[in-house]
Structure formats: C-alpha cells, structure tokens
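**Student:** Encoded as structure tokens, here's the structure I'll be asking about.
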Amino acid sequence: MRQILIILSIIFSFTVYSCSDKEESTAVTTTDTTAPVIAEVTKVTTPTNDSTPNYTFSSDEAGTITFGGSCSSSTTSSIIGNNTITLESLSDGTYSDCTITVNDTAGNISNSLTVTSFEVDSTAATLTEVTAVTNPTSDSTPDYTFYSSSAGTISYGVSCSSSTTSAVSGNNTITLNTLSLGTYSDCTVTVTDNASNSVTLNMSSFVVIPSYVAVGDSGTILTSSNGTSWTSRTSSTTNKLYDIAIGNNNYVTVGLTGIILTSQNGVSWVSKSSGSTQNIMAVNYGNSKFMGVTDYGGHVLTSTSSTSWSLSSDLTDTWIFYGLTYAVNNYVIVGNFDSKNILISTDETTWTKKDGGSENYDIEYGNNIFVTVGQSGNLRTSSDASSWTSRTSGTSSDLNGVTFGGSIFVSVGDAGTIISSSDGISWTSRTSGTSFTLNGVTYGNSTYIAVGKGGTILTSSDGISWTSQTSGTNEVLNAVTSKE
C-alpha cells in the first residue's frame, strides 16, 4: 500500500511539472512591424506669396517627421490624425522635390509622401505708364495704356474705373468708364497677380473738358460733349461775352469792358485782369500765346499763361478790331480802320495795313489759305496774309464768323446765312433752317456748330445739312469753340 502511494505521488508530480512547462512555453513577446501610413490632406496653395506656407498631412500613427528635398520645418513630431506644419522660409521658385516620412516608436518608416509641387512667388508685377490719357481730353470715356510684367486682376481707384478687370503680361489698353467734366489727379491702377502680389500705378493727371463751349450775352456760357445736349455754366458775370478760345489747356473768354474769364475745364470760371477797359471783341490762341483785341482803342493784349495779360500794342484809338488769327508766322487782325481793315505782323509789335475791302468781322486759316469775311458778304482770301483777293460769297448779308474743318470752310451770318467752300474761293449757299442772325461757327469732333441770336444752335456733320438743337437759353450766343 505504501508503495502504491509513492508511485501515485511521483506520477502526480510529473504531471504538474509537465503542465507548468507547457504554460511557460506559450508566453511569447509581440513585435510591432507595421509602418505608419501618411497621406496629403491640404496642399500648399500655388502660386503663393507666403514664403513660410502651411501644409497638412494625415498619419495613422504618432512618430517623428523627417523632411526631404528642398523643404523643412521646425515641426518634427506627428500625431495620429491631421498634422499641419509650417514650412521654413522658402525662396521664390518651384518646389517639386519635397517629401515627408514618419518613423514610429518601433522604428517603422512610413511611405514617402511627395508634397504636391507648388510655386512661391513673392514678387509683384512691374507697372509702367505707356500712353497717358490725352490732356486735356473731350472724350468722357478715354483710353489709357499701361505695361504689366505679369498677368493678373486689375482694380481701380479713386475717381476712375473700367470694365476691364484682367491684365496680360505686356501692354494693356483700358477704356475708362464715363467721366464727368473736371480734373482727375487721383486715378490709380492696381494689378494683383495669381500669387496675390499687388502693385499700384498712379495715372498721370488729366482734365476732361467739353467738346464745345459757347458764350453770349449776359455772361452766358454753355458746354456740350456732343453738340446736341447743352449745359449752362456759372460765369460770375452779367457782361456780354464776345468770343472764346482754347489753348495751353485753358479756355479764355472775353467781353464787355475788358472782361476776361479763364477755365481749365469749361465748368469753373475765374475772372482775370486784362488791364483794359475797352470791349475785347476777339481772342485767339497761336504761337504759344493768347491774343485779344479790342474795339475802340486798338488795343492788342497778349498772355502766355491766360492768367497775366499785357498790352503788346496800343494802336490808333479810332480803330475797331473784330477778329484775329495766327498762321504762317503772321498775326492777322481784321476789323474797321482806315478803309484797309486788315493788319498783319510777325512780332505783334509792328503792324502793316492791308486792303481788306469793307469791314471784316472774322478770319480763319485752313487748306493753306486765309479767309476773311465781313460786311455785306465781303469775303477775301490770301495765301500769305499780304496780298488779298476779293471773292464772290454769293450773299449780301453780313458774314459774322468763319471756320475751317473737315476739309471745308463754313461761314455764317445775318438772317441765318450759311455758305461753304472746299477751297475758300468758290462758295455755295446752304439752308440753315433759321432766320436768326448767326454770329459764330466752329468745327470739332467731326461736327460743325453754329450759334446766334435767340440761343440758336445748329449742328452739321458735313457743313451742308443743318439741324437745330435746344440750347436752353434765349440769350444771344456770340461765339463757340471746340477742343480741336
């Protein structure tokens, strides 16, 4: 019995030892051999003007970030999920070799993530003015040309705008949106490239002036951009205004008792001292100066700026001057004096009388010929202002004004008289549609404008057929001028 118990004890001990050995053999340590997986979430904006742009990628494990190629960052640890890193300062250029890997704590290296190629551009375009707006201009929607070294989006300030909002690399011609009359000195053009770099160009200052300005009795001043719609302007005088001229970016109108008004835009007018109390009957711009002439007193006034005026000639008191011009190196004055009625001078000081027949009221030069018109249809021509030839006007009415433009001369006068000529020698009567006296005529922007008694304004595209326009006044209109 004792032997049996000993044998059973040995067997039990062996069995326990065997089980215990089996359990110890199954406790095996686990090794991490799975590499992190990373993927691009948010690319670097391209192009970008940010030299330290952000980039976002995802990782399914935490770990250490390693950068390759041309990119780096101070961020070197990744978390599980999205990781936004800020790249260290980059120079302008294209970056297509940047890579990212993540090493987990077990030393497993992720897939190599190639950062989508991007461009850093922190340099704004270069803008230069190519063609400024003509100054002054009577075009209310003028063109402007500038050069840009880069394509981009155009924005405008302060007083100017345009429907053109895209710039190309090279010359860009834009048409400005409709502008009111006035001075524009604050207009800018800004180009923003695809990388959001912006640069601003200041446009050269310019003035938008009316195409036509008419003046008349009681200080009347009217302006128009098209000849059909007219706007009354404040002149600050009730004196009769006899004539108007434009030159050196200034309007000058003259009138009763030596009055002179000037304007840069045809809207705002300022009185200037003429130094004369005589009626200034006519004014003209030529040879880089304004010249005005009076009725009784024979005064010749000049100004290079339109602001300061001086008496350049004080001729016979009984001489009456009505019109003047400058051409072919000659100043020519017409009027009523000593039965000659034409004066010429090369220096505005020494004057020579020429035979002009009866009284002459106006003079014009065009197509290489002077034409003077006056009392009872008096009409004479000259190629040199020295020798004058009488021509048949075909009318006995007084001819009060004459202009040249569009390759023809047009003269207007009493009782609605209008005559025209292609050479200044042979003249044809035209139907005006009015019996009112016409005092002045001009040509500009391919349109003839005639003005006269009762606020009469007539327009014509060819000098032959005429259309009446509404002036908005019943005052006598004595003269009209145009920018051209």
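Ligands are numbered from 1 in the order shown, residues from 1 within each chain, and chains are lettered A, B, ... in the order they appear in the structure tokens.
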Excluding Ser77 of chain A and any residue of its chain fewer than 4 positions from it, enumerate the residues within 12 Å of it, using only C-alpha atoms, and give them as a PyMOL selection string.
**Tutor:** chain A and resi 59+61-67+73+82-85+100-105
**Student:** If DSSP is run on the backbone, what residues of segment 370-412 of chain A are strand (DSSP E)? A reply as an NGL selection string would be ideal.
**Tutor:** :A and (370-374 or 379-382 or 389-390 or 399-405 or 408-412)
**Student:** For N, CA and C atoms, I'd like the residues from the last selection saved as a PDB file, in the first residue's frame.
**Tutor:**
```pdb
ATOM      1  N   PHE A 370      -5.764 131.919 -96.140  1.00  0.00           N
ATOM      2  CA  PHE A 370      -6.518 132.753 -95.203  1.00  0.00           C
ATOM      3  C   PHE A 370      -7.840 133.116 -95.856  1.00  0.00           C
ATOM      4  N   VAL A 371      -8.913 133.144 -95.034  1.00  0.00           N
ATOM      5  CA  VAL A 371     -10.221 133.619 -95.498  1.00  0.00           C
ATOM      6  C   VAL A 371     -10.729 134.616 -94.475  1.00  0.00           C
ATOM      7  N   THR A 372     -11.098 135.795 -94.926  1.00  0.00           N
ATOM      8  CA  THR A 372     -11.697 136.793 -94.056  1.00  0.00           C
ATOM      9  C   THR A 372     -13.094 137.121 -94.563  1.00  0.00           C
ATOM     10  N   VAL A 373     -14.057 137.299 -93.638  1.00  0.00           N
ATOM     11  CA  VAL A 373     -15.442 137.562 -94.009  1.00  0.00           C
ATOM     12  C   VAL A 373     -15.927 138.793 -93.267  1.00  0.00           C
ATOM     13  N   GLY A 374     -16.968 139.437 -93.840  1.00  0.00           N
ATOM     14  CA  GLY A 374     -17.433 140.647 -93.183  1.00  0.00           C
ATOM     15  C   GLY A 374     -18.697 141.236 -93.744  1.00  0.00           C
ATOM     16  N   LEU A 379     -15.825 139.034 -98.704  1.00  0.00           N
ATOM     17  CA  LEU A 379     -15.050 137.811 -98.493  1.00  0.00           C
ATOM     18  C   LEU A 379     -13.764 137.905 -99.309  1.00  0.00           C
ATOM     19  N   ARG A 380     -12.634 137.736 -98.642  1.00  0.00           N
ATOM     20  CA  ARG A 380     -11.329 137.831 -99.307  1.00  0.00           C
ATOM     21  C   ARG A 380     -10.436 136.677 -98.871  1.00  0.00           C
ATOM     22  N   THR A 381      -9.467 136.346 -99.748  1.00  0.00           N
ATOM     23  CA  THR A 381      -8.547 135.251 -99.454  1.00  0.00           C
ATOM     24  C   THR A 381      -7.111 135.685 -99.710  1.00  0.00           C
ATOM     25  N   SER A 382      -6.184 134.978 -99.054  1.00  0.00           N
ATOM     26  CA  SER A 382      -4.758 135.247 -99.231  1.00  0.00           C
ATOM     27  C   SER A 382      -3.972 133.996 -98.844  1.00  0.00           C
ATOM     28  N   THR A 389      -7.283 138.834-102.200  1.00  0.00           N
ATOM     29  CA  THR A 389      -8.128 138.817-103.390  1.00  0.00           C
ATOM     30  C   THR A 389      -9.587 138.729-102.977  1.00  0.00           C
ATOM     31  N   SER A 390     -10.402 139.606-103.568  1.00  0.00           N
ATOM     32  CA  SER A 390     -11.829 139.577-103.278  1.00  0.00           C
ATOM     33  C   SER A 390     -12.476 138.379-103.960  1.00  0.00           C
ATOM     34  N   LEU A 399     -21.462 138.622 -93.047  1.00  0.00           N
ATOM     35  CA  LEU A 399     -20.902 137.337 -92.634  1.00  0.00           C
ATOM     36  C   LEU A 399     -20.123 137.572 -91.340  1.00  0.00           C
ATOM     37  N   ASN A 400     -20.562 136.916 -90.269  1.00  0.00           N
ATOM     38  CA  ASN A 400     -20.037 137.229 -88.938  1.00  0.00           C
ATOM     39  C   ASN A 400     -18.970 136.260 -88.433  1.00  0.00           C
ATOM     40  N   GLY A 401     -18.943 135.065 -88.975  1.00  0.00           N
ATOM     41  CA  GLY A 401     -17.979 134.083 -88.488  1.00  0.00           C
ATOM     42  C   GLY A 401     -17.573 133.117 -89.582  1.00  0.00           C
ATOM     43  N   VAL A 402     -16.378 132.528 -89.437  1.00  0.00           N
ATOM     44  CA  VAL A 402     -15.889 131.565 -90.410  1.00  0.00           C
ATOM     45  C   VAL A 402     -15.003 130.550 -89.692  1.00  0.00           C
ATOM     46  N   THR A 403     -15.065 129.297 -90.156  1.00  0.00           N
ATOM     47  CA  THR A 403     -14.215 128.247 -89.597  1.00  0.00           C
ATOM     48  C   THR A 403     -13.763 127.324 -90.702  1.00  0.00           C
ATOM     49  N   PHE A 404     -12.725 126.520 -90.399  1.00  0.00           N
ATOM     50  CA  PHE A 404     -12.267 125.502 -91.336  1.00  0.00           C
ATOM     51  C   PHE A 404     -12.153 124.184 -90.594  1.00  0.00           C
ATOM     52  N   GLY A 405     -12.673 123.133 -91.218  1.00  0.00           N
ATOM     53  CA  GLY A 405     -12.577 121.802 -90.632  1.00  0.00           C
ATOM     54  C   GLY A 405     -13.232 120.795 -91.546  1.00  0.00           C
ATOM     55  N   ILE A 408     -13.371 121.641 -95.347  1.00  0.00           N
ATOM     56  CA  ILE A 408     -14.142 122.722 -95.958  1.00  0.00           C
ATOM     57  C   ILE A 408     -14.194 123.931 -95.026  1.00  0.00           C
ATOM     58  N   PHE A 409     -14.412 125.102 -95.641  1.00  0.00           N
ATOM     59  CA  PHE A 409     -14.694 126.338 -94.904  1.00  0.00           C
ATOM     60  C   PHE A 409     -16.205 126.477 -94.771  1.00  0.00           C
ATOM     61  N   VAL A 410     -16.649 126.995 -93.629  1.00  0.00           N
ATOM     62  CA  VAL A 410     -18.054 127.324 -93.422  1.00  0.00           C
ATOM     63  C   VAL A 410     -18.110 128.722 -92.825  1.00  0.00           C
ATOM     64  N   SER A 411     -18.964 129.574 -93.417  1.00  0.00           N
ATOM     65  CA  SER A 411     -19.156 130.930 -92.910  1.00  0.00           C
ATOM     66  C   SER A 411     -20.628 131.130 -92.595  1.00  0.00           C
ATOM     67  N   VAL A 412     -20.910 131.881 -91.503  1.00  0.00           N
ATOM     68  CA  VAL A 412     -22.292 132.126 -91.097  1.00  0.00           C
ATOM     69  C   VAL A 412     -22.510 133.628 -90.950  1.00  0.00           C
TER      70      VAL A 412
END
```
**Student:** Using only C-alpha atoms, can you tell me which of A:Thr395, A:Ser140, A:Ser159, A:Thr126 comes closest to Thr192 of chain A?
**Tutor:**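 Smallest separation from Thr192 of chain A among the options: A:Thr126.
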**Student:** Of the residues A:Tyr361, A:Tyr251, A:Tyr443, A:Phe337, which is the one nearest to Asn378 of chain A, using only C-alpha atoms?
**Tutor:**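 Checking each candidate against Asn378 of chain A, we get A:Tyr361 as the closest.
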**Student:** Can you list, as a list in words, every protein, DNA or RNA residue that comes within 9 Å of Thr99 of chain A when you count only C-alpha atoms, leaving out same-chain residues fewer than 5 positions away?
**Tutor:**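 Once the nearby chain positions are removed, what remains is Thr66, Phe67, Gly68, Gly69, Ser70, Cys71, Ser112, Leu113, Thr114 and Val115 of chain A.
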**Student:** Would you kindly return, as a PyMOL selection string, each protein, DNA or RNA residue with an atom no farther than 7 Å from any atom of Gly357 of chain A, considering only C-alpha atoms and excluding same-chain residues fewer than 4 positions away?
**Tutor:** chain A and resi 339-341
**Student:** Residues at most 7 Å from Ile174 of chain A, counting only C-alpha atoms, excluding those fewer than 4 positions away in the same chain, as a ChimeraX atom specification?
**Tutor:** /A:143-145,162,164
**Student:** Just checking: using only C-alpha atoms, which residue out of A:Pro210, A:Gly216, A:Gly366, A:Gly463 ends up closest to Thr253 of chain A?
**Tutor:** A:Gly216
**Student:** For segment 276-280 of chain A, please output as a ChimeraX atom specification all residues within 6 Å (counting only C-alpha atoms; exclusion window: fewer than 6 positions along the same chain).
**Tutor:** /A:254-258,293-295
**Student:** Measure the distance from atom CA of Ser387 of chain A to atom CA of Asn368 of chain A in Å and round it to one decimal.
**Tutor:**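 For atom CA of Ser387 of chain A relative to atom CA of Asn368 of chain A, the distance reads 13.8 Å.
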**Student:** Between atom CA of Ala125 of chain A and atom CA of Ser89 of chain A, what is the spacing in Å?
**Tutor:**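 Atom CA of Ala125 of chain A lies at a distance of 21.6 Å from atom CA of Ser89 of chain A.
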